[in-house]
Amino acid sequence: MSSIPEYMTKKHRECDEFFSEAEAAVADKDWSLALAKWQLFASELTEHLAQEEETLFPQFEQATGMTSGPTQVMRMEHQQMRALVQSLDNALAAKDKDEYLGLSETLMVMMQQHNMKEEMMLYPMMAQHLTDGEQLIEGFKANEAV
Amino acid sequence: MNMSGLSFNALPPIDLPFRFFLSAPLFIIVCALLVLFSGEILWFSRWQPNMLALMHGFTLGFLTMVMMGALLQLLPVIGGIGIGKPRFIATTSHALYSAGVITLMLSFVLANNWLTLTALVLLSLGLGIYLGAIIWVLIKKMSQGDSINCFRLAIASLTILLLLGILLLANKVGVTVPFILYDKHLTDIHALMGLVGWAGILIIAVSFQVLPMFHVAPNMPKYIRQYLGVCTFTLLIAYIFYTELALGLLFISQGGFALTLLYVINQRKRKVPDTSIKYWKLSAATLLLLNLLYFLPDSFYSSTHSPLFMALPDKTMLLTAIFIYFYLLSVIQGMLLKILPFLSYTHLQQRCLVDFSAMQFIPHMHEFLNKKHGIVLFYMHIMSGLSLLAVIIMPSLYFIFALFLLLEFVWLFVLMMKCMALYFSVNKKINLSNTA
């Protein structure tokens with residue numbers, strides 16, 4: 001059984017890996033590899049954000065009564081990340097290397113800042129307030145296996 | 001909608017760190033002019049008054065200036081909390097400190113007691129206010145963590161460095177403290193506290209954070225994170241009593257850090273070409289080269305029977321110049337290339353949390369600082385570094401070094417101005433979109 005901080009942090013690292021592989025492929029102008037890795041990243045990210053926004057955040061808000069607190073900021077940052085992902089999709093489709101690398105540097109830095117806030121503050125707070133945290137994670141894992 | 005209670009990080013307004021960053025290259029431009037007008041004689045001894053002015057222009061005017069600005073920003077990002085009253089603290093300390101560094105440089109060049117006294121007061125006040133605010137946060141509010149602990153040691157080194165500096169300046173104007181021997185050793189302690197304690201430990205602390213964050217590199221090994229900072233600081237204290245032994249161990253520990261840096265950089269996941277990585281590699285290689293040079297027998301230096309085709313110049317001057325130019329300056333420049341676009345972007349992005357539609361106005365990070373321009377800076381840095389080595393060996397080449405120095409730091413200044421200008425123009429667009 002893994003805790004919320006353990007599992008969710010591991011997911012951040014997995015996203016970083018796919019992201020870096022896609023970026024390296026773009027730098028080498030290996031567009032087919034870049035697309036494959038980018039799609040892996042995008043689907044990992046979509047799933048991760050959904051786990052937070054649809055399950056963890058509402059549960060946390062319910063448990064603490066903090067509806068306009070940190071989870072609200074995280075939701076807004078997710079929205080910004082999605083916008084950058086969209087721009088990266090376009091740069092990849094246009095095979096525009098410089099544009100892609102400028103955007104990927106930007107998304108990378110935004111994600112790292114965002115992750116740090118979640119890993120250092122939000123996930124530990126969740127582990128503290130959500131008594132069924134480990135069951136929730138088991139649920140995520142079961143969905144992954146499907 | 002009030003966002004202040006929601007934001008996790010208390011980023012100080014961007015003009016506060018930026019005023020430190022923008023002032024820094026100006027001091028090196030002054031240094032370049034000093035080199036140009038001092039002529040060959042500057043390079044004959046580390047005790048030349050103009051050499052002392054040059055040294056402090058580099059270390060206080062550039063290095064410390066950038067590090068003071070960066071810390072304002074790093075504390076909120078890494079520790080989640082910033083200093084209180086940031087505008088007041090940053091504005092006052094920056095103004096007093098800048099005036100202090102200029103006066104100090106002038107006091108060396110003109111050998112004037114009133115200037116020395118003024119520099120002493122301005123620097124004590126400027127650094128004192130800054131240190132007071134930072135120490136308050138580090139003691140009272142900051143969480144534990146390897147980087148934060150290293151910050152504490154770096155700040156402790158800066159405090160000792162400042163106190164010793166005050167003692168030395170006071171001595172110059174005739175105020176002596178009993179039981180203190182005003183000799184070369186005291187100056188060496190002062191210099192090492194600055195170069196290896198304040199700058200060196202701060203770089204160690206920053207490397208723990210930025211390599212994983214910007215380059216998706218693994219964390220530094222646990223024992224390095226826990227002990228390297230403390231070990232360096234302890235050796236600096238030991239240096240007061242066991243000079244040779246402690247100095248040798250300091251070189252070795254910095255060499256150990258260099259090997260760890262190279263290992264971690266090599267293991268990074270993000271392999272995309274990056275100028276900051278080039279700067280880190282150059283810095284690590286420099287620390288290894290310094291170990292070699294330090295442990296070379298003395299017969300290689302200033303000897304008529306040198307085993308090399310030529311005798312190496314004065315060892316202290318050579319090693320200090322390499323350490324400052326190829327290690328400290330390289331890391332700081334590499335960091336600036338990341339921090340400038342990062343800060344500009346982050347500040348604008350935070351503004352767009354409330355007004356999502358304004359996101360469309362924010363350029364990506366490479367537009368704030370063009371990658372090609374960063375690479376040009378790196379090669380300019382190598383060129384001026386090599387010309388510094390040349391001038392140490394052959395002082396008549398001083399004008400070449402002055403020229404390269406001038407070019408490099410005017411270029412850095414231009415890059416900073418471009419980044420800032422873009423920031424303000426985008427900020428204006430966001431303002432307009434908010435009021436629309």
# chains A, B, ... in the order shown; residues from 1 in each chain; ligands from 1
>>> interface_residues(of="chain A", to="chain B", cutoff="6 Å", atoms="only C-alpha atoms", output="MDAnalysis selection string")
chainID A and resid 20 24 69:70 76 102:103 106 112
>>> select_by_dssp(residues="range 109-210 of chain B", states="alpha helix (DSSP H)", output="mmCIF file with N, CA, C and O atoms, in the first residue's frame")
data_model
loop_
_atom_site.group_PDB
_atom_site.id
_atom_site.type_symbol
_atom_site.label_atom_id
_atom_site.label_comp_id
_atom_site.auth_asym_id
_atom_site.auth_seq_id
_atom_site.Cartn_x
_atom_site.Cartn_y
_atom_site.Cartn_z
ATOM 1 N N VAL B 109 41.783 52.932 -4.146
ATOM 2 C CA VAL B 109 42.498 53.598 -5.238
ATOM 3 C C VAL B 109 43.099 54.923 -4.769
ATOM 4 O O VAL B 109 44.251 55.243 -5.064
ATOM 5 N N LEU B 110 42.317 55.691 -3.996
ATOM 6 C CA LEU B 110 42.761 57.027 -3.612
ATOM 7 C C LEU B 110 43.448 57.079 -2.242
ATOM 8 O O LEU B 110 43.959 58.130 -1.855
ATOM 9 N N ASN B 113 41.428 58.313 4.008
ATOM 10 C CA ASN B 113 40.838 57.815 5.248
ATOM 11 C C ASN B 113 39.343 58.110 5.371
ATOM 12 O O ASN B 113 38.585 57.313 5.917
ATOM 13 N N TRP B 114 38.944 59.279 4.872
ATOM 14 C CA TRP B 114 37.520 59.607 4.961
ATOM 15 C C TRP B 114 36.681 58.672 4.108
ATOM 16 O O TRP B 114 35.593 58.259 4.505
ATOM 17 N N LEU B 115 37.222 58.342 2.945
ATOM 18 C CA LEU B 115 36.501 57.393 2.082
ATOM 19 C C LEU B 115 36.421 56.026 2.754
ATOM 20 O O LEU B 115 35.395 55.349 2.717
ATOM 21 N N THR B 116 37.535 55.613 3.393
ATOM 22 C CA THR B 116 37.549 54.321 4.083
ATOM 23 C C THR B 116 36.471 54.297 5.164
ATOM 24 O O THR B 116 35.715 53.325 5.294
ATOM 25 N N LEU B 117 36.423 55.379 5.922
ATOM 26 C CA LEU B 117 35.452 55.463 7.005
ATOM 27 C C LEU B 117 34.014 55.442 6.463
ATOM 28 O O LEU B 117 33.140 54.744 6.993
ATOM 29 N N THR B 118 33.789 56.184 5.375
ATOM 30 C CA THR B 118 32.452 56.217 4.769
ATOM 31 C C THR B 118 32.076 54.826 4.259
ATOM 32 O O THR B 118 30.947 54.358 4.464
ATOM 33 N N ALA B 119 33.041 54.161 3.597
ATOM 34 C CA ALA B 119 32.778 52.808 3.088
ATOM 35 C C ALA B 119 32.416 51.881 4.236
ATOM 36 O O ALA B 119 31.480 51.075 4.146
ATOM 37 N N LEU B 120 33.153 52.012 5.318
ATOM 38 C CA LEU B 120 32.914 51.159 6.491
ATOM 39 C C LEU B 120 31.472 51.333 6.987
ATOM 40 O O LEU B 120 30.755 50.346 7.221
ATOM 41 N N VAL B 121 31.049 52.578 7.106
ATOM 42 C CA VAL B 121 29.696 52.847 7.615
ATOM 43 C C VAL B 121 28.637 52.349 6.625
ATOM 44 O O VAL B 121 27.687 51.638 6.993
ATOM 45 N N LEU B 122 28.815 52.681 5.334
ATOM 46 C CA LEU B 122 27.812 52.300 4.328
ATOM 47 C C LEU B 122 27.685 50.788 4.196
ATOM 48 O O LEU B 122 26.578 50.240 4.164
ATOM 49 N N LEU B 123 28.834 50.094 4.145
ATOM 50 C CA LEU B 123 28.785 48.641 3.979
ATOM 51 C C LEU B 123 28.211 47.965 5.219
ATOM 52 O O LEU B 123 27.434 47.008 5.122
ATOM 53 N N SER B 124 28.595 48.456 6.409
ATOM 54 C CA SER B 124 28.060 47.857 7.635
ATOM 55 C C SER B 124 26.554 48.024 7.683
ATOM 56 O O SER B 124 25.820 47.088 8.014
ATOM 57 N N LEU B 125 26.080 49.222 7.337
ATOM 58 C CA LEU B 125 24.632 49.464 7.370
ATOM 59 C C LEU B 125 23.918 48.645 6.294
ATOM 60 O O LEU B 125 22.934 47.954 6.569
ATOM 61 N N GLY B 126 24.427 48.741 5.057
ATOM 62 C CA GLY B 126 23.771 48.051 3.935
ATOM 63 C C GLY B 126 23.696 46.556 4.174
ATOM 64 O O GLY B 126 22.617 45.950 4.115
ATOM 65 N N LEU B 127 24.849 45.944 4.456
ATOM 66 C CA LEU B 127 24.858 44.497 4.680
ATOM 67 C C LEU B 127 24.158 44.154 5.991
ATOM 68 O O LEU B 127 23.503 43.118 6.103
ATOM 69 N N GLY B 128 24.306 45.032 6.980
ATOM 70 C CA GLY B 128 23.698 44.776 8.291
ATOM 71 C C GLY B 128 22.176 44.679 8.186
ATOM 72 O O GLY B 128 21.569 43.747 8.719
ATOM 73 N N ILE B 129 21.578 45.618 7.461
ATOM 74 C CA ILE B 129 20.110 45.601 7.311
ATOM 75 C C ILE B 129 19.676 44.335 6.566
ATOM 76 O O ILE B 129 18.743 43.636 6.970
ATOM 77 N N TYR B 130 20.409 44.039 5.493
ATOM 78 C CA TYR B 130 20.071 42.851 4.700
ATOM 79 C C TYR B 130 20.211 41.579 5.548
ATOM 80 O O TYR B 130 19.299 40.750 5.611
ATOM 81 N N LEU B 131 21.364 41.462 6.210
ATOM 82 C CA LEU B 131 21.622 40.269 7.020
ATOM 83 C C LEU B 131 20.586 40.128 8.136
ATOM 84 O O LEU B 131 20.095 39.031 8.401
ATOM 85 N N GLY B 132 20.264 41.255 8.770
ATOM 86 C CA GLY B 132 19.290 41.216 9.856
ATOM 87 C C GLY B 132 17.978 40.596 9.394
ATOM 88 O O GLY B 132 17.430 39.697 10.042
ATOM 89 N N ALA B 133 17.509 41.054 8.219
ATOM 90 C CA ALA B 133 16.224 40.562 7.701
ATOM 91 C C ALA B 133 16.308 39.076 7.357
ATOM 92 O O ALA B 133 15.395 38.297 7.651
ATOM 93 N N ILE B 134 17.419 38.673 6.735
ATOM 94 C CA ILE B 134 17.560 37.266 6.324
ATOM 95 C C ILE B 134 17.727 36.367 7.552
ATOM 96 O O ILE B 134 17.104 35.306 7.652
ATOM 97 N N ILE B 135 18.554 36.807 8.490
ATOM 98 C CA ILE B 135 18.808 35.980 9.679
ATOM 99 C C ILE B 135 17.509 35.784 10.462
ATOM 100 O O ILE B 135 17.217 34.681 10.937
ATOM 101 N N TRP B 136 16.713 36.830 10.532
ATOM 102 C CA TRP B 136 15.427 36.736 11.235
ATOM 103 C C TRP B 136 14.587 35.591 10.646
ATOM 104 O O TRP B 136 14.032 34.766 11.363
ATOM 105 N N ASP B 146 18.252 20.437 3.886
ATOM 106 C CA ASP B 146 19.693 20.521 3.648
ATOM 107 C C ASP B 146 20.082 21.862 3.038
ATOM 108 O O ASP B 146 21.088 22.456 3.417
ATOM 109 N N SER B 147 19.275 22.339 2.073
ATOM 110 C CA SER B 147 19.612 23.623 1.449
ATOM 111 C C SER B 147 19.512 24.757 2.460
ATOM 112 O O SER B 147 20.369 25.635 2.503
ATOM 113 N N ILE B 148 18.456 24.726 3.250
ATOM 114 C CA ILE B 148 18.245 25.798 4.224
ATOM 115 C C ILE B 148 19.384 25.804 5.246
ATOM 116 O O ILE B 148 19.885 26.866 5.630
ATOM 117 N N ASN B 149 19.817 24.620 5.664
ATOM 118 C CA ASN B 149 20.940 24.568 6.615
ATOM 119 C C ASN B 149 22.206 25.155 5.998
ATOM 120 O O ASN B 149 22.970 25.837 6.673
ATOM 121 N N CYS B 150 22.423 24.868 4.720
ATOM 122 C CA CYS B 150 23.593 25.452 4.042
ATOM 123 C C CYS B 150 23.441 26.965 3.910
ATOM 124 O O CYS B 150 24.423 27.698 4.030
ATOM 125 N N PHE B 151 22.201 27.438 3.657
ATOM 126 C CA PHE B 151 21.977 28.891 3.623
ATOM 127 C C PHE B 151 22.431 29.504 4.946
ATOM 128 O O PHE B 151 23.057 30.552 4.977
ATOM 129 N N ARG B 152 22.066 28.833 6.046
ATOM 130 C CA ARG B 152 22.429 29.366 7.368
ATOM 131 C C ARG B 152 23.953 29.494 7.485
ATOM 132 O O ARG B 152 24.466 30.492 7.983
ATOM 133 N N LEU B 153 24.673 28.447 7.012
ATOM 134 C CA LEU B 153 26.136 28.480 7.120
ATOM 135 C C LEU B 153 26.726 29.552 6.208
ATOM 136 O O LEU B 153 27.691 30.233 6.579
ATOM 137 N N ALA B 154 26.141 29.717 5.016
ATOM 138 C CA ALA B 154 26.635 30.744 4.095
ATOM 139 C C ALA B 154 26.426 32.121 4.716
ATOM 140 O O ALA B 154 27.311 32.989 4.641
ATOM 141 N N ILE B 155 25.271 32.319 5.327
ATOM 142 C CA ILE B 155 24.974 33.615 5.948
ATOM 143 C C ILE B 155 25.888 33.836 7.155
ATOM 144 O O ILE B 155 26.365 34.954 7.392
ATOM 145 N N ALA B 156 26.179 32.755 7.891
ATOM 146 C CA ALA B 156 27.119 32.885 9.019
ATOM 147 C C ALA B 156 28.485 33.312 8.489
ATOM 148 O O ALA B 156 29.147 34.187 9.066
ATOM 149 N N SER B 157 28.912 32.728 7.364
ATOM 150 C CA SER B 157 30.200 33.096 6.771
ATOM 151 C C SER B 157 30.199 34.559 6.343
ATOM 152 O O SER B 157 31.179 35.271 6.546
ATOM 153 N N LEU B 158 29.076 34.997 5.755
ATOM 154 C CA LEU B 158 28.992 36.384 5.313
ATOM 155 C C LEU B 158 29.103 37.325 6.518
ATOM 156 O O LEU B 158 29.749 38.377 6.447
ATOM 157 N N THR B 159 28.483 36.913 7.626
ATOM 158 C CA THR B 159 28.539 37.744 8.829
ATOM 159 C C THR B 159 29.986 37.846 9.337
ATOM 160 O O THR B 159 30.466 38.940 9.659
ATOM 161 N N ILE B 160 30.686 36.706 9.377
ATOM 162 C CA ILE B 160 32.085 36.715 9.843
ATOM 163 C C ILE B 160 32.939 37.557 8.890
ATOM 164 O O ILE B 160 33.758 38.372 9.314
ATOM 165 N N LEU B 161 32.702 37.355 7.578
ATOM 166 C CA LEU B 161 33.434 38.112 6.561
ATOM 167 C C LEU B 161 33.246 39.616 6.758
ATOM 168 O O LEU B 161 34.195 40.391 6.709
ATOM 169 N N LEU B 162 31.996 40.009 7.037
ATOM 170 C CA LEU B 162 31.697 41.432 7.235
ATOM 171 C C LEU B 162 32.409 41.955 8.482
ATOM 172 O O LEU B 162 33.033 43.023 8.453
ATOM 173 N N LEU B 163 32.334 41.170 9.569
ATOM 174 C CA LEU B 163 32.971 41.617 10.815
ATOM 175 C C LEU B 163 34.476 41.779 10.628
ATOM 176 O O LEU B 163 35.077 42.761 11.073
ATOM 177 N N LEU B 164 35.100 40.805 9.942
ATOM 178 C CA LEU B 164 36.539 40.907 9.696
ATOM 179 C C LEU B 164 36.850 42.090 8.787
ATOM 180 O O LEU B 164 37.842 42.800 8.986
ATOM 181 N N GLY B 165 35.983 42.311 7.803
ATOM 182 C CA GLY B 165 36.162 43.453 6.913
ATOM 183 C C GLY B 165 36.114 44.760 7.695
ATOM 184 O O GLY B 165 36.932 45.662 7.470
ATOM 185 N N ILE B 166 35.164 44.847 8.623
ATOM 186 C CA ILE B 166 35.050 46.054 9.445
ATOM 187 C C ILE B 166 36.332 46.256 10.261
ATOM 188 O O ILE B 166 36.879 47.365 10.327
ATOM 189 N N LEU B 167 36.825 45.139 10.861
ATOM 190 C CA LEU B 167 38.071 45.215 11.637
ATOM 191 C C LEU B 167 39.223 45.738 10.786
ATOM 192 O O LEU B 167 39.985 46.607 11.204
ATOM 193 N N LEU B 168 39.332 45.195 9.565
ATOM 194 C CA LEU B 168 40.451 45.563 8.688
ATOM 195 C C LEU B 168 40.352 47.021 8.246
ATOM 196 O O LEU B 168 41.354 47.733 8.211
ATOM 197 N N LEU B 169 39.142 47.455 7.925
ATOM 198 C CA LEU B 169 38.968 48.851 7.508
ATOM 199 C C LEU B 169 39.220 49.803 8.674
ATOM 200 O O LEU B 169 39.863 50.847 8.517
ATOM 201 N N ALA B 170 38.706 49.404 9.848
ATOM 202 C CA ALA B 170 38.903 50.238 11.036
ATOM 203 C C ALA B 170 40.398 50.392 11.312
ATOM 204 O O ALA B 170 40.884 51.476 11.659
ATOM 205 N N ASN B 171 41.129 49.297 11.112
ATOM 206 C CA ASN B 171 42.575 49.324 11.323
ATOM 207 C C ASN B 171 43.251 50.308 10.362
ATOM 208 O O ASN B 171 44.205 50.997 10.726
ATOM 209 N N LYS B 172 42.709 50.366 9.130
ATOM 210 C CA LYS B 172 43.288 51.282 8.141
ATOM 211 C C LYS B 172 43.161 52.736 8.562
ATOM 212 O O LYS B 172 43.997 53.561 8.227
ATOM 213 N N LYS B 184 48.753 39.155 7.461
ATOM 214 C CA LYS B 184 48.266 38.546 6.231
ATOM 215 C C LYS B 184 47.245 37.438 6.527
ATOM 216 O O LYS B 184 46.290 37.247 5.785
ATOM 217 N N HIS B 185 47.477 36.727 7.653
ATOM 218 C CA HIS B 185 46.586 35.622 7.995
ATOM 219 C C HIS B 185 45.145 36.107 8.205
ATOM 220 O O HIS B 185 44.192 35.457 7.772
ATOM 221 N N LEU B 186 45.001 37.264 8.852
ATOM 222 C CA LEU B 186 43.658 37.803 9.098
ATOM 223 C C LEU B 186 42.963 38.110 7.764
ATOM 224 O O LEU B 186 41.781 37.811 7.574
ATOM 225 N N THR B 187 43.726 38.692 6.833
ATOM 226 C CA THR B 187 43.162 38.992 5.511
ATOM 227 C C THR B 187 42.801 37.701 4.779
ATOM 228 O O THR B 187 41.775 37.630 4.102
ATOM 229 N N ASP B 188 43.658 36.690 4.938
ATOM 230 C CA ASP B 188 43.370 35.407 4.280
ATOM 231 C C ASP B 188 42.078 34.790 4.821
ATOM 232 O O ASP B 188 41.284 34.220 4.067
ATOM 233 N N ILE B 189 41.885 34.883 6.132
ATOM 234 C CA ILE B 189 40.650 34.336 6.728
ATOM 235 C C ILE B 189 39.442 35.085 6.151
ATOM 236 O O ILE B 189 38.448 34.481 5.748
ATOM 237 N N HIS B 190 39.570 36.404 6.113
ATOM 238 C CA HIS B 190 38.512 37.263 5.551
ATOM 239 C C HIS B 190 38.199 36.831 4.116
ATOM 240 O O HIS B 190 37.030 36.632 3.749
ATOM 241 N N ALA B 191 39.237 36.646 3.304
ATOM 242 C CA ALA B 191 39.036 36.297 1.896
ATOM 243 C C ALA B 191 38.410 34.910 1.751
ATOM 244 O O ALA B 191 37.462 34.713 0.983
ATOM 245 N N LEU B 192 38.941 33.938 2.518
ATOM 246 C CA LEU B 192 38.412 32.569 2.400
ATOM 247 C C LEU B 192 36.966 32.480 2.868
ATOM 248 O O LEU B 192 36.151 31.746 2.302
ATOM 249 N N LEU B 202 26.954 28.764 -0.463
ATOM 250 C CA LEU B 202 25.678 29.136 -1.085
ATOM 251 C C LEU B 202 25.495 28.389 -2.417
ATOM 252 O O LEU B 202 24.407 27.905 -2.725
ATOM 253 N N ILE B 203 26.580 28.273 -3.165
ATOM 254 C CA ILE B 203 26.500 27.538 -4.435
ATOM 255 C C ILE B 203 26.161 26.069 -4.187
ATOM 256 O O ILE B 203 25.335 25.475 -4.882
ATOM 257 N N ILE B 204 26.789 25.502 -3.156
ATOM 258 C CA ILE B 204 26.486 24.104 -2.810
ATOM 259 C C ILE B 204 24.982 23.968 -2.519
ATOM 260 O O ILE B 204 24.309 23.076 -3.044
ATOM 261 N N ALA B 205 24.464 24.899 -1.698
ATOM 262 C CA ALA B 205 23.046 24.849 -1.321
ATOM 263 C C ALA B 205 22.151 24.964 -2.547
ATOM 264 O O ALA B 205 21.166 24.227 -2.689
ATOM 265 N N VAL B 206 22.514 25.874 -3.431
ATOM 266 C CA VAL B 206 21.687 26.113 -4.609
ATOM 267 C C VAL B 206 21.725 24.906 -5.550
ATOM 268 O O VAL B 206 20.716 24.525 -6.139
ATOM 269 N N SER B 207 22.904 24.270 -5.629
ATOM 270 C CA SER B 207 23.022 23.121 -6.541
ATOM 271 C C SER B 207 22.077 21.986 -6.126
ATOM 272 O O SER B 207 21.549 21.281 -6.975
ATOM 273 N N PHE B 208 21.843 21.820 -4.822
ATOM 274 C CA PHE B 208 20.921 20.769 -4.364
ATOM 275 C C PHE B 208 19.530 20.963 -4.974
ATOM 276 O O PHE B 208 18.814 20.014 -5.227
ATOM 277 N N GLN B 209 19.150 22.227 -5.182
ATOM 278 C CA GLN B 209 17.802 22.532 -5.651
ATOM 279 C C GLN B 209 17.701 22.623 -7.157
ATOM 280 O O GLN B 209 16.792 22.089 -7.760
ATOM 281 N N VAL B 210 18.665 23.355 -7.772
ATOM 282 C CA VAL B 210 18.449 23.684 -9.181
ATOM 283 C C VAL B 210 18.738 22.525 -10.130
ATOM 284 O O VAL B 210 18.116 22.437 -11.179
#
>>> atom_distance(atom1="CA of Ala258 in chain B", atom2="CA of Thr286 in chain B")
8.4 Å
>>> closest_residue(among="A:Phe18, A:Gln135, A:Met126, A:Leu107", to="Gln80 in chain A", atoms="only C-alpha atoms")
A:Leu107
>>> residues_around(residues="Thr59 in chain B", least_positions_apart="2", cutoff="12 Å", atoms="only C-alpha atoms", output="MDAnalysis selection string")
chainID B and resid 24:25 27:28 31 52:57 61:68 101 105 158 161 191:196 198:199 320:321 323:325 328:329 332
>>> residues_around(residues="range 38-41 of chain A", least_positions_apart="4", cutoff="12 Å", atoms="only C-alpha atoms", output="PyMOL selection string")
chain A and resi 11-26+30-34+45-48+85-86+88-93+100+104
>>> atom_distance(atom1="CA of Ile362 in chain B", atom2="CA of Phe21 in chain B")
21.9 Å
>>> residues_around(residues="Phe88 in chain B", least_positions_apart="3", cutoff="12 Å", atoms="only C-alpha atoms", output="number ranges by chain")
B: 12-13, 16, 83-85, 91-95, 126, 129-130, 133
>>> write_last_selection(atoms="N, CA and C atoms", output="PDB file, in the first residue's frame")
ATOM      1  N   PRO B  12       8.711  38.240  -3.585  1.00  0.00           N
ATOM      2  CA  PRO B  12       8.801  39.696  -3.492  1.00  0.00           C
ATOM      3  C   PRO B  12       8.632  40.298  -4.886  1.00  0.00           C
ATOM      4  N   PRO B  13       8.206  41.570  -4.984  1.00  0.00           N
ATOM      5  CA  PRO B  13       8.036  42.188  -6.309  1.00  0.00           C
ATOM      6  C   PRO B  13       9.310  42.045  -7.137  1.00  0.00           C
ATOM      7  N   LEU B  16      12.677  44.127  -7.090  1.00  0.00           N
ATOM      8  CA  LEU B  16      13.633  44.054  -5.970  1.00  0.00           C
ATOM      9  C   LEU B  16      14.843  43.174  -6.301  1.00  0.00           C
ATOM     10  N   ILE B  83      11.429  37.450   3.311  1.00  0.00           N
ATOM     11  CA  ILE B  83      11.729  38.389   4.392  1.00  0.00           C
ATOM     12  C   ILE B  83      10.535  39.338   4.598  1.00  0.00           C
ATOM     13  N   GLY B  84      10.452  39.901   5.799  1.00  0.00           N
ATOM     14  CA  GLY B  84       9.398  40.873   6.081  1.00  0.00           C
ATOM     15  C   GLY B  84       9.761  42.214   5.449  1.00  0.00           C
ATOM     16  N   LYS B  85       8.768  43.032   5.172  1.00  0.00           N
ATOM     17  CA  LYS B  85       8.961  44.361   4.564  1.00  0.00           C
ATOM     18  C   LYS B  85       9.976  44.323   3.417  1.00  0.00           C
ATOM     19  N   THR B  91      15.322  47.917  -0.860  1.00  0.00           N
ATOM     20  CA  THR B  91      15.669  49.243  -1.373  1.00  0.00           C
ATOM     21  C   THR B  91      16.783  49.879  -0.541  1.00  0.00           C
ATOM     22  N   THR B  92      16.608  49.871   0.779  1.00  0.00           N
ATOM     23  CA  THR B  92      17.619  50.512   1.619  1.00  0.00           C
ATOM     24  C   THR B  92      18.941  49.769   1.538  1.00  0.00           C
ATOM     25  N   SER B  93      18.911  48.441   1.687  1.00  0.00           N
ATOM     26  CA  SER B  93      20.189  47.729   1.719  1.00  0.00           C
ATOM     27  C   SER B  93      20.892  47.842   0.370  1.00  0.00           C
ATOM     28  N   HIS B  94      20.124  47.778  -0.718  1.00  0.00           N
ATOM     29  CA  HIS B  94      20.745  47.872  -2.040  1.00  0.00           C
ATOM     30  C   HIS B  94      21.417  49.237  -2.240  1.00  0.00           C
ATOM     31  N   ALA B  95      20.722  50.304  -1.864  1.00  0.00           N
ATOM     32  CA  ALA B  95      21.277  51.653  -2.063  1.00  0.00           C
ATOM     33  C   ALA B  95      22.538  51.842  -1.203  1.00  0.00           C
ATOM     34  N   GLY B 126      24.427  48.741   5.057  1.00  0.00           N
ATOM     35  CA  GLY B 126      23.771  48.051   3.935  1.00  0.00           C
ATOM     36  C   GLY B 126      23.696  46.556   4.174  1.00  0.00           C
ATOM     37  N   ILE B 129      21.578  45.618   7.461  1.00  0.00           N
ATOM     38  CA  ILE B 129      20.110  45.601   7.311  1.00  0.00           C
ATOM     39  C   ILE B 129      19.676  44.335   6.566  1.00  0.00           C
ATOM     40  N   TYR B 130      20.409  44.039   5.493  1.00  0.00           N
ATOM     41  CA  TYR B 130      20.071  42.851   4.700  1.00  0.00           C
ATOM     42  C   TYR B 130      20.211  41.579   5.548  1.00  0.00           C
ATOM     43  N   ALA B 133      17.509  41.054   8.219  1.00  0.00           N
ATOM     44  CA  ALA B 133      16.224  40.562   7.701  1.00  0.00           C
ATOM     45  C   ALA B 133      16.308  39.076   7.357  1.00  0.00           C
TER      46      ALA B 133
END
>>> decode(residues="range 70-76 of chain A", atoms="N, CA, C and O atoms", output="PDB file, in the first residue's frame")
ATOM      1  N   PRO A  70      -5.448  26.110  -0.931  1.00  0.00           N
ATOM      2  CA  PRO A  70      -4.401  25.636  -1.848  1.00  0.00           C
ATOM      3  C   PRO A  70      -4.934  24.864  -3.052  1.00  0.00           C
ATOM      4  O   PRO A  70      -4.412  25.016  -4.156  1.00  0.00           O
ATOM      5  N   THR A  71      -5.993  24.081  -2.862  1.00  0.00           N
ATOM      6  CA  THR A  71      -6.491  23.291  -3.994  1.00  0.00           C
ATOM      7  C   THR A  71      -6.976  24.200  -5.120  1.00  0.00           C
ATOM      8  O   THR A  71      -6.823  23.867  -6.293  1.00  0.00           O
ATOM      9  N   GLN A  72      -7.516  25.350  -4.729  1.00  0.00           N
ATOM     10  CA  GLN A  72      -8.005  26.294  -5.742  1.00  0.00           C
ATOM     11  C   GLN A  72      -6.832  26.820  -6.588  1.00  0.00           C
ATOM     12  O   GLN A  72      -6.902  26.879  -7.814  1.00  0.00           O
ATOM     13  N   VAL A  73      -5.718  27.153  -5.901  1.00  0.00           N
ATOM     14  CA  VAL A  73      -4.533  27.634  -6.624  1.00  0.00           C
ATOM     15  C   VAL A  73      -4.004  26.528  -7.542  1.00  0.00           C
ATOM     16  O   VAL A  73      -3.642  26.772  -8.698  1.00  0.00           O
ATOM     17  N   MET A  74      -3.990  25.291  -7.021  1.00  0.00           N
ATOM     18  CA  MET A  74      -3.483  24.177  -7.827  1.00  0.00           C
ATOM     19  C   MET A  74      -4.348  23.981  -9.073  1.00  0.00           C
ATOM     20  O   MET A  74      -3.840  23.725 -10.158  1.00  0.00           O
ATOM     21  N   ARG A  75      -5.668  24.122  -8.909  1.00  0.00           N
ATOM     22  CA  ARG A  75      -6.570  23.983 -10.072  1.00  0.00           C
ATOM     23  C   ARG A  75      -6.252  25.041 -11.133  1.00  0.00           C
ATOM     24  O   ARG A  75      -6.224  24.747 -12.322  1.00  0.00           O
ATOM     25  N   MET A  76      -6.004  26.268 -10.663  1.00  0.00           N
ATOM     26  CA  MET A  76      -5.713  27.347 -11.622  1.00  0.00           C
ATOM     27  C   MET A  76      -4.386  27.071 -12.329  1.00  0.00           C
ATOM     28  O   MET A  76      -4.244  27.324 -13.526  1.00  0.00           O
TER      29      MET A  76
END
